[in-house]
Amino acid sequence: MLQKTLSPLEQEAMNIVWELKECSIRDVVEKFNQEKKLAYTTVATLLQRLFEKGLVNRNNHNTILSYTPKISKDIYGKKMAKSFIQTFMSSFGEAAIVSFAESIDKLPKDKKDYLLKLLEKQNENK
């Protein structure tokens, strides 16, 4: 799968595909139209881009295209977070680590505890 970031509109379309699990262009247009009006052709272009980026499968059922997620939202999020962190660390080095460590104190207690447990577990695996 190609690893590419999504535009805000592509991300919204992908969220709809994840929510619906299988959808037509018209299904996505209807979901978008609950919040903002987008043309059918605009949504078709968004779904085509998601297909080209390897994030959705495209199937043809009696001349109606349907789209399904090729990757789960959870896995995509983890890959994007890992990519972001690697880029951030290589660009800013120690300053990135310090900033991250300082931001831990601002997390809610349950999230902070969870993160610290994950870090401890990673440390034990080395």
# chains A, B, ... in the order shown; residues from 1 in each chain; ligands from 1

call {"tool": "select_by_dssp", "arguments": {"residues": "chain A", "states": "strand (DSSP E or B)", "output": "list in words"}}
result
Cys23, Ser24, Val56, Asn57, Arg58, Asn59, Asn60, His61, Ile64, Leu65, Ser66, Tyr67, Thr68 and Pro69 of chain A

call {"tool": "select_by_dssp", "arguments": {"residues": "stretch 19-115 of chain A", "states": "helix (DSSP H, G or I)", "output": "number ranges by chain"}}
result
A: 19-20, 25-33, 40-52, 73-104, 109-115

call {"tool": "residues_around", "arguments": {"residues": "stretch 98-103 of chain A", "least_positions_apart": "3", "cutoff": "12 Å", "atoms": "only C-alpha atoms", "output": "list in words"}}
result
Ile85, Phe88, Met89, Phe92, Gly93, Glu94, Ala95, Lys106, Leu107, Pro108, Lys111, Lys112, Leu115, Leu116 and Leu119 of chain A

call {"tool": "write_last_selection", "arguments": {"atoms": "C-alpha atoms", "output": "mmCIF file, in the first residue's frame"}}
result
data_model
loop_
_atom_site.group_PDB
_atom_site.id
_atom_site.type_symbol
_atom_site.label_atom_id
_atom_site.label_comp_id
_atom_site.auth_asym_id
_atom_site.auth_seq_id
_atom_site.Cartn_x
_atom_site.Cartn_y
_atom_site.Cartn_z
ATOM 1 C CA ILE A 85 6.935 10.515 14.711
ATOM 2 C CA PHE A 88 9.415 14.649 13.598
ATOM 3 C CA MET A 89 12.291 12.896 15.374
ATOM 4 C CA PHE A 92 13.977 17.948 15.474
ATOM 5 C CA GLY A 93 15.909 15.264 17.390
ATOM 6 C CA GLU A 94 16.216 15.846 21.116
ATOM 7 C CA ALA A 95 13.878 18.859 21.072
ATOM 8 C CA LYS A 106 -1.036 17.608 30.054
ATOM 9 C CA LEU A 107 -2.805 14.314 29.287
ATOM 10 C CA PRO A 108 -5.796 13.094 31.313
ATOM 11 C CA LYS A 111 -4.325 8.390 29.039
ATOM 12 C CA LYS A 112 -1.098 9.279 30.818
ATOM 13 C CA LEU A 115 1.001 5.776 27.670
ATOM 14 C CA LEU A 116 3.455 5.185 30.485
ATOM 15 C CA LEU A 119 6.510 2.903 27.185
#

call {"tool": "atom_distance", "arguments": {"atom1": "atom CA of A:Val43", "atom2": "atom CA of A:Arg26"}}
result
8.4 Å

call {"tool": "closest_residue", "arguments": {"among": "A:Ile71, A:Leu20, A:Val28, A:Ile104", "to": "A:Val56", "atoms": "only C-alpha atoms"}}
result
A:Ile71

call {"tool": "closest_residue", "arguments": {"among": "A:Gln34, A:Ser72, A:Thr41, A:Thr63", "to": "A:Trp18", "atoms": "only C-alpha atoms"}}
result
A:Ser72

call {"tool": "closest_residue", "arguments": {"among": "A:Ile64, A:Leu118, A:Leu38, A:Leu47", "to": "A:Ile16", "atoms": "only C-alpha atoms"}}
result
A:Leu47

call {"tool": "closest_residue", "arguments": {"among": "A:Leu6, A:Leu55, A:Met80, A:Ala39", "to": "A:Ile25", "atoms": "only C-alpha atoms"}}
result
A:Ala39
